[in-house]
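Printed here is target.txt (compact mmCIF, C-alpha atoms and all ligand atoms):
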# COMPACT_ATOMS: atom_id res chain seq x y z
CA MET J 16 47.03 119.66 -12.53
CA ALA J 17 45.94 118.16 -15.81
CA ARG J 18 48.56 116.14 -17.62
CA GLN J 19 50.47 118.20 -20.09
CA GLU J 20 51.58 116.95 -23.45
CA ARG J 21 54.65 117.91 -25.40
CA ILE J 22 53.08 118.73 -28.70
CA ASP J 23 56.37 118.59 -30.56
CA VAL J 24 56.79 114.98 -29.48
CA LEU J 25 53.14 114.07 -29.86
CA VAL J 26 52.80 115.55 -33.32
CA GLY J 27 56.03 113.86 -34.34
CA GLU J 28 54.67 110.49 -33.22
CA HIS J 29 51.42 111.06 -35.04
CA ALA J 30 53.27 112.05 -38.19
CA GLN J 31 55.36 108.90 -37.99
CA ARG J 32 52.32 106.67 -37.48
CA LEU J 33 50.37 108.38 -40.27
CA SER J 34 53.29 108.26 -42.65
CA GLU J 35 53.72 104.50 -42.14
CA ARG J 36 50.04 103.84 -42.68
CA LEU J 37 49.89 106.04 -45.76
CA GLN J 38 52.95 104.37 -47.20
CA ALA J 39 51.42 100.92 -46.70
CA HIS J 40 48.19 102.10 -48.28
CA ARG J 41 50.02 103.59 -51.22
CA GLU J 42 52.13 100.53 -51.79
CA GLN J 43 48.97 98.50 -51.95
CA LEU J 44 47.39 100.83 -54.50
CA PHE J 45 50.48 102.00 -56.34
CA PRO J 46 53.63 99.90 -56.07
CA PRO J 47 56.70 102.21 -55.83
CA ASP J 48 57.83 101.37 -59.35
CA ALA J 49 54.38 101.76 -60.87
CA SER J 50 54.17 104.59 -63.32
CA LYS J 51 50.96 106.06 -64.60
CA GLU J 52 49.90 105.48 -68.14
CA LEU J 53 47.37 107.31 -70.21
CA ARG J 54 44.48 105.31 -71.61
CA LYS J 55 43.75 105.25 -75.31
CA PHE J 56 40.96 107.40 -76.71
CA THR J 57 38.02 106.19 -78.79
CA SER J 58 37.80 107.44 -82.38
CA GLY J 59 34.73 109.43 -81.30
CA GLU J 60 36.71 111.22 -78.59
CA VAL J 61 39.58 111.86 -81.00
CA ALA J 62 37.21 113.24 -83.62
CA ASP J 63 35.84 115.64 -80.97
CA LEU J 64 39.36 116.68 -79.93
CA LEU J 65 40.37 117.37 -83.51
CA GLY J 66 37.07 118.92 -84.56
CA VAL J 67 36.56 116.46 -87.45
CA LYS J 68 34.05 113.70 -88.17
CA ASP J 69 34.71 110.15 -87.03
CA ALA J 70 34.01 109.02 -90.61
CA TYR J 71 36.89 111.21 -91.78
CA LEU J 72 39.26 109.56 -89.31
CA ARG J 73 38.12 106.18 -90.56
CA LYS J 74 38.79 107.25 -94.13
CA LEU J 75 42.29 108.45 -93.24
CA HIS J 76 42.93 105.08 -91.64
CA LEU J 77 41.56 103.13 -94.63
CA ASP J 78 43.67 105.28 -96.98
CA GLY J 79 46.72 104.38 -94.90
CA ARG J 80 47.32 108.02 -93.92
CA GLY J 81 48.42 108.88 -90.39
CA PRO J 82 48.72 106.56 -87.41
CA SER J 83 46.92 103.20 -87.34
CA PRO J 84 44.47 102.93 -84.48
CA GLU J 85 44.22 99.84 -82.32
CA THR J 86 41.05 97.96 -83.23
CA ARG J 87 39.20 96.31 -80.38
CA ALA J 88 36.08 94.18 -80.04
CA GLY J 89 33.18 95.38 -82.17
CA GLY J 90 35.57 97.16 -84.54
CA ARG J 91 36.00 100.13 -82.19
CA ARG J 92 39.12 102.11 -82.97
CA TYR J 93 41.39 103.51 -80.26
CA TYR J 94 44.17 106.07 -80.55
CA SER J 95 46.97 106.98 -78.18
CA LEU J 96 47.52 110.66 -77.40
CA GLN J 97 50.72 110.46 -79.46
CA ASP J 98 48.56 109.27 -82.38
CA VAL J 99 46.31 112.28 -81.85
CA GLN J 100 49.36 114.50 -81.96
CA ASP J 101 50.54 112.83 -85.20
CA LEU J 102 47.07 113.34 -86.67
CA ARG J 103 47.30 117.03 -85.75
CA GLN J 104 50.57 117.34 -87.66
CA LEU J 105 49.08 115.57 -90.67
CA LEU J 106 45.87 117.59 -90.73
CA GLU J 107 47.65 120.89 -90.12
CA LYS J 108 49.78 120.30 -93.22
CA GLY J 109 46.63 120.00 -95.32
CA THR J 110 44.82 123.08 -94.02
CA LYS J 111 44.84 126.59 -95.40
CA THR J 112 44.10 128.10 -92.00
CA PRO J 113 47.19 127.77 -89.84
CA GLY J 114 46.54 126.86 -86.22
CA THR J 115 43.39 124.84 -86.93
CA TYR J 116 44.92 121.65 -85.56
CA LEU J 117 48.07 122.98 -83.88
CA PRO J 118 46.74 125.96 -81.93
CA GLY J 119 49.94 126.86 -80.06
CA ARG J 120 52.39 129.73 -80.42
CA ARG J 121 53.47 131.15 -83.72
CA GLU J 122 56.31 133.48 -84.57
CA GLY J 123 56.27 136.46 -82.20
CA ASP J 124 53.72 134.99 -79.74
CA HIS J 125 54.73 135.14 -76.09
CA LEU J 126 54.84 132.22 -73.68
CA GLN J 127 51.73 132.34 -71.51
CA VAL J 128 52.12 131.68 -67.81
CA ILE J 129 48.86 131.07 -65.96
CA THR J 130 48.95 131.02 -62.15
CA VAL J 131 46.07 129.44 -60.30
CA ILE J 132 45.73 131.09 -56.89
CA ASN J 133 43.62 131.76 -53.80
CA PHE J 134 44.70 131.32 -50.26
CA LYS J 135 41.51 129.60 -49.29
CA GLY J 136 42.38 125.92 -48.96
CA GLY J 137 40.23 123.56 -50.98
CA SER J 138 38.91 126.21 -53.35
CA GLY J 139 39.68 123.91 -56.28
CA LYS J 140 43.07 125.27 -57.39
CA THR J 141 44.70 121.90 -58.00
CA THR J 142 41.61 120.41 -59.65
CA THR J 143 41.30 123.44 -61.92
CA ALA J 144 45.02 123.57 -62.73
CA ALA J 145 45.19 119.84 -63.50
CA HIS J 146 42.14 119.80 -65.77
CA LEU J 147 43.33 122.94 -67.54
CA ALA J 148 46.88 121.68 -68.09
CA GLN J 149 45.67 118.31 -69.36
CA LYS J 150 42.99 119.75 -71.62
CA LEU J 151 45.46 122.16 -73.20
CA ALA J 152 47.81 119.21 -73.78
CA LEU J 153 44.95 117.20 -75.30
CA ASP J 154 44.18 120.14 -77.56
CA GLY J 155 47.71 120.19 -78.93
CA TYR J 156 49.38 122.90 -76.83
CA ARG J 157 52.86 122.25 -75.42
CA VAL J 158 52.30 122.58 -71.68
CA LEU J 159 54.58 122.83 -68.66
CA ALA J 160 52.83 122.40 -65.31
CA VAL J 161 54.58 123.57 -62.16
CA ASP J 162 53.57 122.37 -58.71
CA LEU J 163 54.41 125.18 -56.30
CA ASP J 164 52.57 123.64 -53.37
CA PRO J 165 54.71 121.88 -50.74
CA GLN J 166 51.70 119.59 -50.22
CA ALA J 167 52.26 118.44 -53.82
CA SER J 168 48.67 117.40 -54.64
CA PHE J 169 49.18 118.27 -58.30
CA SER J 170 52.25 116.03 -58.44
CA ALA J 171 50.44 113.19 -56.66
CA LEU J 172 47.59 113.46 -59.15
CA HIS J 173 50.16 112.93 -61.89
CA GLY J 174 51.69 109.83 -60.36
CA PHE J 175 54.62 111.40 -58.50
CA GLN J 176 55.20 110.08 -55.03
CA PRO J 177 57.28 112.80 -53.38
CA GLU J 178 58.65 110.43 -50.72
CA PHE J 179 59.88 107.94 -53.31
CA ASP J 180 60.52 110.00 -56.41
CA LEU J 181 61.95 113.21 -54.98
CA ILE J 182 64.28 112.07 -52.23
CA ASP J 183 67.21 113.91 -53.79
CA GLY J 184 65.21 117.02 -54.63
CA GLY J 185 63.82 117.77 -58.05
CA THR J 186 61.32 120.53 -57.31
CA LEU J 187 61.37 124.09 -58.57
CA TYR J 188 63.15 124.99 -55.34
CA ASP J 189 66.38 123.48 -56.74
CA ALA J 190 66.20 125.89 -59.65
CA ILE J 191 65.25 129.05 -57.75
CA ARG J 192 67.34 128.63 -54.61
CA TYR J 193 69.84 131.40 -53.89
CA ASP J 194 72.91 129.19 -53.58
CA ASP J 195 73.84 126.84 -56.42
CA PRO J 196 70.59 126.87 -58.36
CA VAL J 197 70.36 124.19 -61.08
CA PRO J 198 69.14 124.84 -64.63
CA ILE J 199 65.36 124.50 -64.83
CA ARG J 200 65.70 121.66 -67.35
CA ASP J 201 67.13 119.52 -64.55
CA VAL J 202 63.82 119.55 -62.68
CA ILE J 203 61.42 119.20 -65.62
CA ARG J 204 60.00 115.72 -66.09
CA LYS J 205 58.07 114.15 -68.92
CA SER J 206 54.59 112.97 -67.99
CA TYR J 207 52.43 110.26 -69.50
CA PHE J 208 50.79 112.95 -71.64
CA PRO J 209 53.05 113.50 -74.68
CA ASN J 210 52.49 117.27 -74.53
CA LEU J 211 52.62 117.79 -70.78
CA ASP J 212 55.82 118.19 -68.79
CA ILE J 213 55.80 118.64 -65.04
CA ILE J 214 57.96 120.16 -62.35
CA PRO J 215 56.79 118.30 -59.25
CA GLY J 216 56.66 119.75 -55.75
CA ASN J 217 57.37 118.64 -52.22
CA LEU J 218 58.22 120.13 -48.83
CA ASP J 219 61.53 121.49 -50.17
CA LEU J 220 59.53 124.37 -51.65
CA MET J 221 59.03 125.74 -48.13
CA GLU J 222 62.75 126.42 -47.96
CA PHE J 223 62.24 129.32 -50.34
CA GLU J 224 60.06 131.00 -47.71
CA HIS J 225 62.88 130.66 -45.17
CA ASP J 226 65.75 131.53 -47.50
CA THR J 227 64.24 134.67 -48.97
CA PRO J 228 64.25 136.91 -45.86
CA ARG J 229 67.87 135.89 -45.27
CA ALA J 230 68.86 136.60 -48.87
CA LEU J 231 67.06 139.93 -48.75
CA ALA J 232 68.95 140.90 -45.59
CA GLU J 233 72.32 139.81 -46.97
CA ARG J 234 72.04 141.00 -50.53
CA SER J 235 69.73 143.95 -50.78
CA ALA J 236 69.92 143.89 -54.58
CA GLN J 237 68.45 140.41 -54.70
CA PHE J 238 65.02 140.52 -56.29
CA PHE J 239 63.23 137.42 -55.02
CA PHE J 240 60.24 138.11 -57.24
CA THR J 241 62.12 137.58 -60.49
CA ARG J 242 63.41 134.12 -59.56
CA VAL J 243 60.55 132.06 -60.98
CA GLY J 244 60.23 134.15 -64.14
CA ASP J 245 63.98 134.17 -64.80
CA LYS J 246 64.03 130.38 -64.61
CA LEU J 247 61.02 129.92 -66.88
CA ALA J 248 62.80 132.11 -69.41
CA GLU J 249 65.38 129.32 -69.83
CA VAL J 250 62.73 127.12 -71.47
CA ARG J 251 60.66 129.88 -73.00
CA ASP J 252 60.78 128.38 -76.49
CA ASP J 253 59.86 124.83 -75.48
CA TYR J 254 56.26 125.50 -74.43
CA ASP J 255 53.11 127.37 -75.40
CA VAL J 256 51.59 127.60 -71.93
CA VAL J 257 52.82 127.18 -68.36
CA VAL J 258 50.25 126.37 -65.66
CA MET J 259 51.30 126.95 -62.05
CA ASP J 260 49.39 125.43 -59.15
CA CYS J 261 50.00 127.63 -56.11
CA PRO J 262 49.83 126.77 -52.41
CA PRO J 263 46.98 128.19 -50.32
CA GLN J 264 49.13 130.99 -48.99
CA LEU J 265 50.60 134.23 -50.16
CA GLY J 266 54.27 133.65 -49.51
CA PHE J 267 57.38 134.66 -51.43
CA LEU J 268 56.94 131.72 -53.79
CA THR J 269 53.39 132.70 -54.76
CA MET J 270 54.49 136.32 -55.19
CA SER J 271 57.36 135.28 -57.41
CA ALA J 272 54.95 133.10 -59.41
CA LEU J 273 52.55 136.04 -59.77
CA SER J 274 55.44 138.15 -60.98
CA ALA J 275 56.27 135.54 -63.62
CA ALA J 276 52.64 135.18 -64.65
CA THR J 277 51.03 136.60 -67.76
CA ALA J 278 47.59 135.61 -66.48
CA VAL J 279 45.89 134.90 -63.16
CA LEU J 280 43.07 132.52 -62.41
CA VAL J 281 41.45 132.87 -58.97
CA THR J 282 39.36 129.86 -57.94
CA VAL J 283 36.34 130.62 -55.76
CA HIS J 284 33.87 128.32 -54.14
CA PRO J 285 30.70 130.44 -53.97
CA GLN J 286 30.02 130.38 -50.24
CA MET J 287 29.99 133.27 -47.81
CA LEU J 288 33.02 132.18 -45.78
CA ASP J 289 35.04 131.48 -48.90
CA VAL J 290 34.17 134.81 -50.44
CA MET J 291 34.98 136.65 -47.20
CA SER J 292 38.33 134.89 -47.09
CA MET J 293 38.91 135.83 -50.71
CA CYS J 294 38.31 139.45 -49.82
CA GLN J 295 41.20 139.27 -47.34
CA PHE J 296 43.28 137.51 -49.95
CA LEU J 297 42.66 140.19 -52.55
CA LEU J 298 43.51 142.95 -50.09
CA MET J 299 46.74 141.28 -49.08
CA THR J 300 47.66 140.48 -52.66
CA SER J 301 47.08 144.04 -53.71
CA ASN J 302 49.23 145.41 -50.89
CA LEU J 303 52.08 142.98 -51.35
CA LEU J 304 52.13 143.17 -55.12
CA GLY J 305 52.00 146.94 -54.92
CA VAL J 306 55.27 146.79 -53.01
CA VAL J 307 56.76 144.38 -55.56
CA ALA J 308 55.66 146.63 -58.42
CA GLU J 309 57.30 149.63 -56.73
CA ALA J 310 60.52 147.63 -56.47
CA GLY J 311 60.41 147.08 -60.23
CA GLY J 312 58.48 143.80 -60.42
CA ASN J 313 56.33 143.17 -63.44
CA MET J 314 52.66 143.25 -62.57
CA SER J 315 51.19 143.60 -66.04
CA HIS J 316 49.06 140.66 -67.02
CA ASP J 317 47.06 139.68 -70.09
CA TRP J 318 44.04 138.78 -67.97
CA LEU J 319 42.71 137.97 -64.52
CA ARG J 320 39.61 135.83 -64.09
CA TYR J 321 37.63 134.37 -61.22
CA VAL J 322 36.38 130.86 -61.81
CA VAL J 323 33.50 129.54 -59.72
CA THR J 324 34.30 126.04 -58.48
CA ARG J 325 32.34 123.15 -56.98
CA TYR J 326 29.17 124.92 -58.03
CA GLU J 327 25.77 123.40 -57.23
CA PRO J 328 23.14 124.98 -59.48
CA GLY J 329 20.25 124.00 -57.19
CA ASP J 330 21.74 125.75 -54.15
CA GLY J 331 20.07 129.12 -53.53
CA PRO J 332 22.77 130.73 -51.35
CA GLN J 333 25.46 129.68 -53.84
CA ASN J 334 23.51 131.31 -56.65
CA GLN J 335 23.25 134.48 -54.62
CA MET J 336 27.00 134.43 -54.06
CA VAL J 337 27.64 133.95 -57.77
CA SER J 338 25.30 136.84 -58.67
CA PHE J 339 27.00 138.97 -56.02
CA MET J 340 30.42 138.25 -57.55
CA ARG J 341 29.19 138.91 -61.06
CA SER J 342 27.69 142.22 -59.99
CA MET J 343 31.02 143.30 -58.49
CA PHE J 344 33.57 141.84 -60.87
CA GLY J 345 31.55 141.74 -64.10
CA ASP J 346 33.42 140.17 -67.01
CA HIS J 347 36.23 139.15 -64.71
CA VAL J 348 34.14 136.16 -63.63
CA LEU J 349 34.22 133.35 -66.19
CA ASN J 350 30.79 132.68 -67.69
CA HIS J 351 30.92 128.97 -66.95
CA PRO J 352 31.44 127.50 -63.48
CA VAL J 353 33.01 124.14 -62.64
CA LEU J 354 30.12 122.04 -61.39
CA LYS J 355 30.45 120.05 -58.22
CA SER J 356 30.45 116.45 -59.40
CA THR J 357 31.07 113.04 -57.90
CA ALA J 358 32.70 112.15 -61.23
CA ILE J 359 35.44 114.74 -60.50
CA SER J 360 35.93 113.79 -56.84
CA ASP J 361 35.77 110.04 -57.53
CA ALA J 362 38.33 110.36 -60.32
CA GLY J 363 40.49 112.25 -57.80
CA ILE J 364 40.39 109.34 -55.38
CA THR J 365 42.17 107.17 -57.93
CA LYS J 366 44.56 110.04 -58.71
CA GLN J 367 43.00 110.87 -62.02
CA THR J 368 41.28 113.77 -63.67
CA LEU J 369 38.06 113.41 -65.60
CA TYR J 370 40.10 113.48 -68.82
CA GLU J 371 41.96 110.35 -67.74
CA VAL J 372 39.11 108.12 -66.61
CA GLU J 373 37.01 106.02 -68.99
CA ARG J 374 33.49 107.28 -69.46
CA GLY J 375 32.15 103.74 -68.78
CA GLN J 376 33.19 103.95 -65.11
CA PHE J 377 30.52 106.55 -64.42
CA THR J 378 26.83 107.08 -64.86
CA ARG J 379 26.67 108.57 -68.31
CA SER J 380 24.79 111.73 -67.39
CA THR J 381 27.02 112.42 -64.37
CA TYR J 382 30.14 112.08 -66.49
CA GLU J 383 28.78 114.17 -69.31
CA ARG J 384 27.56 117.03 -67.15
CA ALA J 385 30.95 117.27 -65.43
CA MET J 386 32.85 116.99 -68.71
CA GLU J 387 30.68 119.63 -70.34
CA SER J 388 31.30 122.06 -67.50
CA LEU J 389 35.08 121.48 -67.46
CA ASN J 390 35.30 121.81 -71.23
CA ALA J 391 33.27 125.01 -71.14
CA VAL J 392 35.57 126.55 -68.50
CA ASN J 393 38.72 125.39 -70.27
CA GLY J 394 37.30 126.58 -73.59
CA GLU J 395 36.85 130.09 -72.17
CA ILE J 396 40.42 130.05 -70.90
CA GLU J 397 41.65 128.84 -74.28
CA GLY J 398 39.81 131.77 -75.82
CA LEU J 399 41.69 134.13 -73.49
CA ILE J 400 44.99 132.48 -74.43
CA GLN J 401 44.26 132.88 -78.13
CA ALA J 402 43.10 136.46 -77.61
CA ALA J 403 46.36 137.27 -75.79
CA TRP J 404 48.13 136.14 -78.96
CA GLY J 405 45.89 138.46 -80.90
CA ARG J 406 43.73 135.71 -82.36
CA LYS J 407 40.02 135.09 -82.19
CA GLY J 408 37.76 132.07 -82.44
CA ALA J 409 39.52 129.45 -80.35
CA SER J 410 38.46 125.91 -81.18
N1 LIG J 501 34.22 120.28 -59.17
C1 LIG J 501 34.41 119.45 -58.14
N2 LIG J 501 33.51 118.50 -57.84
C2 LIG J 501 33.69 117.67 -56.79
N3 LIG J 501 34.77 117.70 -55.99
C3 LIG J 501 35.70 118.62 -56.25
C4 LIG J 501 35.59 119.54 -57.33
N4 LIG J 501 36.68 120.36 -57.34
C5 LIG J 501 37.43 119.95 -56.31
N5 LIG J 501 36.88 118.93 -55.66
C6 LIG J 501 37.40 118.22 -54.48
O1 LIG J 501 37.63 119.18 -53.46
C7 LIG J 501 38.85 118.95 -52.81
C8 LIG J 501 39.73 120.19 -52.87
O2 LIG J 501 40.02 120.50 -54.21
P1 LIG J 501 41.47 120.96 -54.66
O3 LIG J 501 42.51 120.06 -54.10
O4 LIG J 501 41.43 121.15 -56.11
O5 LIG J 501 41.55 122.37 -53.92
P2 LIG J 501 42.83 123.29 -53.68
O6 LIG J 501 42.37 124.69 -53.73
O7 LIG J 501 43.93 122.91 -54.59
O8 LIG J 501 43.23 122.88 -52.20
P3 LIG J 501 44.57 123.34 -51.40
O9 LIG J 501 44.35 124.75 -51.02
O10 LIG J 501 44.62 122.41 -50.25
O11 LIG J 501 45.72 123.19 -52.36
C9 LIG J 501 39.47 117.73 -53.49
O12 LIG J 501 39.20 116.60 -52.71
C10 LIG J 501 38.76 117.63 -54.81
O13 LIG J 501 38.63 116.29 -55.27
MG MG J 502 45.92 122.42 -54.18
Show the structure stored in the file as structure tokens.
Ligand SMILES: Nc1ncnc2c1ncn2[C@@H]1O[C@H](COP(=O)(O)OP(=O)(O)OP(=O)(O)O)[C@@H](O)[C@H]1O
Ligand SMILES: [Mg+2]
Amino acid sequence: MARQERIDVLVGEHAQRLSERLQAHREQLFPPDASKELRKFTSGEVADLLGVKDAYLRKLHLDGRGPSPETRAGGRRYYSLQDVQDLRQLLEKGTKTPGTYLPGRREGDHLQVITVINFKGGSGKTTTAAHLAQKLALDGYRVLAVDLDPQASFSALHGFQPEFDLIDGGTLYDAIRYDDPVPIRDVIRKSYFPNLDIIPGNLDLMEFEHDTPRALAERSAQFFFTRVGDKLAEVRDDYDVVVMDCPPQLGFLTMSALSAATAVLVTVHPQMLDVMSMCQFLLMTSNLLGVVAEAGGNMSHDWLRYVVTRYEPGDGPQNQMVSFMRSMFGDHVLNHPVLKSTAISDAGITKQTLYEVERGQFTRSTYERAMESLNAVNGEIEGLIQAAWGRKGAS
């Protein structure tokens, strides 16, 4: 008889070996006490972010108004993101059109909660959520990003090392658990982006999947689907937009996130298998959310959009898939796709988004094409955010 292996033991050994190697690798790249920092932005980049001319920024500086940039070789001026934020405040004071430089919520506007979902692994959820959250922060919105994935890729991308930083908890699970939940403020952390706070994730989040059936059996009145939304309500006034990166599964956590959401972004890689899998996902979502809605859950949203990810314009079958989706879902598919780009994947290897890396590290055209596509997608989403507040003409 062939030798049999105890997979519980074997997998445990493999996990141990892998964990040690990964830890060594990480310590080499990122010492445990290393924290991420955001680079400074060139005056040209800042001018683009603010929608003003570089010459105008120079004039402000020469007039001694607003923050002083750091001047480097060749007279190039660099601003921190905090400087950009200070410039926004200054410019907003001088404008007759409110919201030109500070585009966030005004009196009566609701907090927007965008969930990024699809149960197809690798469809670009985390990449999309991270670039969206960071771009909104760069544009002057107050953003809270929530990592709902036990795999915690979003957190890792933002410099959190779940094994080191979250030993005593600190994920959303602590705030939504059924026994002794903590206030949500206890699990919110500042990031190296002045306008971006993060609730990191780790394996603890899986506990919610185990606890919920038990809580439902014990306390029939317990509505699991309100738990995320109820917690977000505690910090409703502190943010303009919440971005939630969901795990590739449709568990209780994702359902509770969808219940808390005001908007839904479904990431789709335009390939047959991915689209077939999405079909299953949509069917399941519809069934499960139908049940939640019947139980009194809120399923009204400002918008739902599909965003095409890792798109290769020269690929015939992908183009057919995109046309197919557009013919079925019409305006629900964003006009711009996220292009597949080595600039995006290479930035990811060093735990950065394209907004964090310096342009000089990449071939100019590669960087610019990727940046253009991300900005176009994020610009469309910003338009939807502004429209949900009853405004038009997002910057
Ligand atoms: N536009 C892109 N261009 C190149 N690579 C990309 C792009 N978008 C995502 N990737 C790469 O594809 C992989 C999967 O992306 P991502 O982690 O965003 O997917 P996901 O849907 O969050 O996955 P999971 O379901 O495991 O959470 C990552 O390695 C990422 O760097
Ligand atoms: Mg992910």
Worksheet entry | Distance of CA of Leu96 (chain J) from CA of Phe56 (chain J), expressed in Å to one decimal place | 7.4 Å
Report the closest atom pair, with its distance in Å rounded to one decimal, for each residue of chain J that has an atom no farther than 6 Å from ligand MG 502 (chain J); count only C-alpha atoms and all ligand atoms, sort by chain and then rising residue number, and write it as a tab-separated table.
residue	atom	partner	partner_atom	distance
J:Lys140	CA	J:MG502	MG	5.2
J:Thr141	CA	J:MG502	MG	4.0
J:Ser168	CA	J:MG502	MG	5.7
Worksheet entry | Distance of CA of Leu369 (chain J) from CA of Leu153 (chain J), expressed in Å to one decimal place |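 Here the two named atoms are 12.5 Å from each other.
With all atoms listed in the file as the atoms that count, the minimum distance from ligand LIG 501 (chain J) to the choices J:Val26, J:Leu126, J:Ile199, J:Ile359 is reached by J:Ile359.
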Item to complete: Could you jot down the CA of Cys261 (chain J) to CA of Ala391 (chain J) separation for me, Å, one decimal place?
Response: 22.6 Å
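Nearest to Phe240 (chain J) of all the residues J:Leu187, J:Val306, J:Leu297, J:Val258 is J:Val306, counting only C-alpha atoms.
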Discussion item. Just want the residues within 7 Å of ligand LIG 501 (chain J), written as a list in words, counting all atoms listed in the file.
Written reply: Phe134, Lys135, Gly136, Gly137, Ser138, Gly139, Lys140, Thr141, Thr142, Thr143, Asp164, Ser168, Pro262, Pro263, Thr324, Arg325, Tyr326, Val353, Leu354, Lys355, Ser356, Thr357, Ile359, Ser360 and Gly363 of chain J
Which residues are close to Gly114 (chain J), i.e. within 12 Å by all atoms listed in the file, leaving aside same-chain residues fewer than 6 positions away? Reply as a compact mmCIF listing (two decimals) with C-alpha atoms, in the frame of the given file.
# COMPACT_ATOMS: atom_id res chain seq x y z
CA LEU J 65 40.37 117.37 -83.51
CA ARG J 103 47.30 117.03 -85.75
CA GLN J 104 50.57 117.34 -87.66
CA LEU J 106 45.87 117.59 -90.73
CA GLU J 107 47.65 120.89 -90.12
CA LYS J 108 49.78 120.30 -93.22
CA ARG J 120 52.39 129.73 -80.42
CA ARG J 121 53.47 131.15 -83.72
CA GLU J 122 56.31 133.48 -84.57
CA ASP J 154 44.18 120.14 -77.56
CA GLY J 155 47.71 120.19 -78.93
CA TYR J 156 49.38 122.90 -76.83
CA GLN J 401 44.26 132.88 -78.13
CA TRP J 404 48.13 136.14 -78.96
CA ARG J 406 43.73 135.71 -82.36
CA LYS J 407 40.02 135.09 -82.19
CA GLY J 408 37.76 132.07 -82.44
CA ALA J 409 39.52 129.45 -80.35
CA SER J 410 38.46 125.91 -81.18
Fill in: Arg251 (chain J) environment, 12 Å, all atoms listed in the file, sequence neighbours closer than 2 positions dropped, as a list in words
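Residues meeting the cut-off are Arg120, Asp124, His125, Leu126, Gln127, Val128, Arg157, Val158, Leu159, Ile199, Arg200, Gly244, Asp245, Lys246, Leu247, Ala248, Glu249, Asp253, Tyr254, Asp255, Val256, Val257 and Ala275 of chain J.
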Using all atoms of region 234-251 of chain J that appear in the file, construct an axis-aligned enclosing box with 5 Å of padding on every side and provide its centre coordinates and edge lengths in Å, rounded to one decimal, as JSON.
{"center_x": 66.1, "center_y": 135.5, "center_z": -61.8, "size_x": 21.8, "size_y": 26.8, "size_z": 32.5}
Worksheet item: Of the residues J:Ala39, J:Leu181, J:Ala272, J:Val372, which is the one nearest to Val243 (chain J), using all atoms listed in the file?
Response: J:Ala272
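Closest approach to Tyr382 (chain J) among J:Leu172, J:Ala362, J:Ile400, J:Leu105: J:Ala362, based on all atoms listed in the file.
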Practice prompt. Find, counting only C-alpha atoms, the residue in J:Asn133, J:Asn210, J:Asn217, J:Asn302 that gets nearest to Ala160 (chain J).
Written response: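 Checking each candidate against Ala160 (chain J), we get J:Asn210 as the closest.
You can rank J:His347, J:His316, J:His76, J:Arg192 by their closest distance to Leu220 (chain J) using all atoms listed in the file, and at the top of that list sits J:Arg192.
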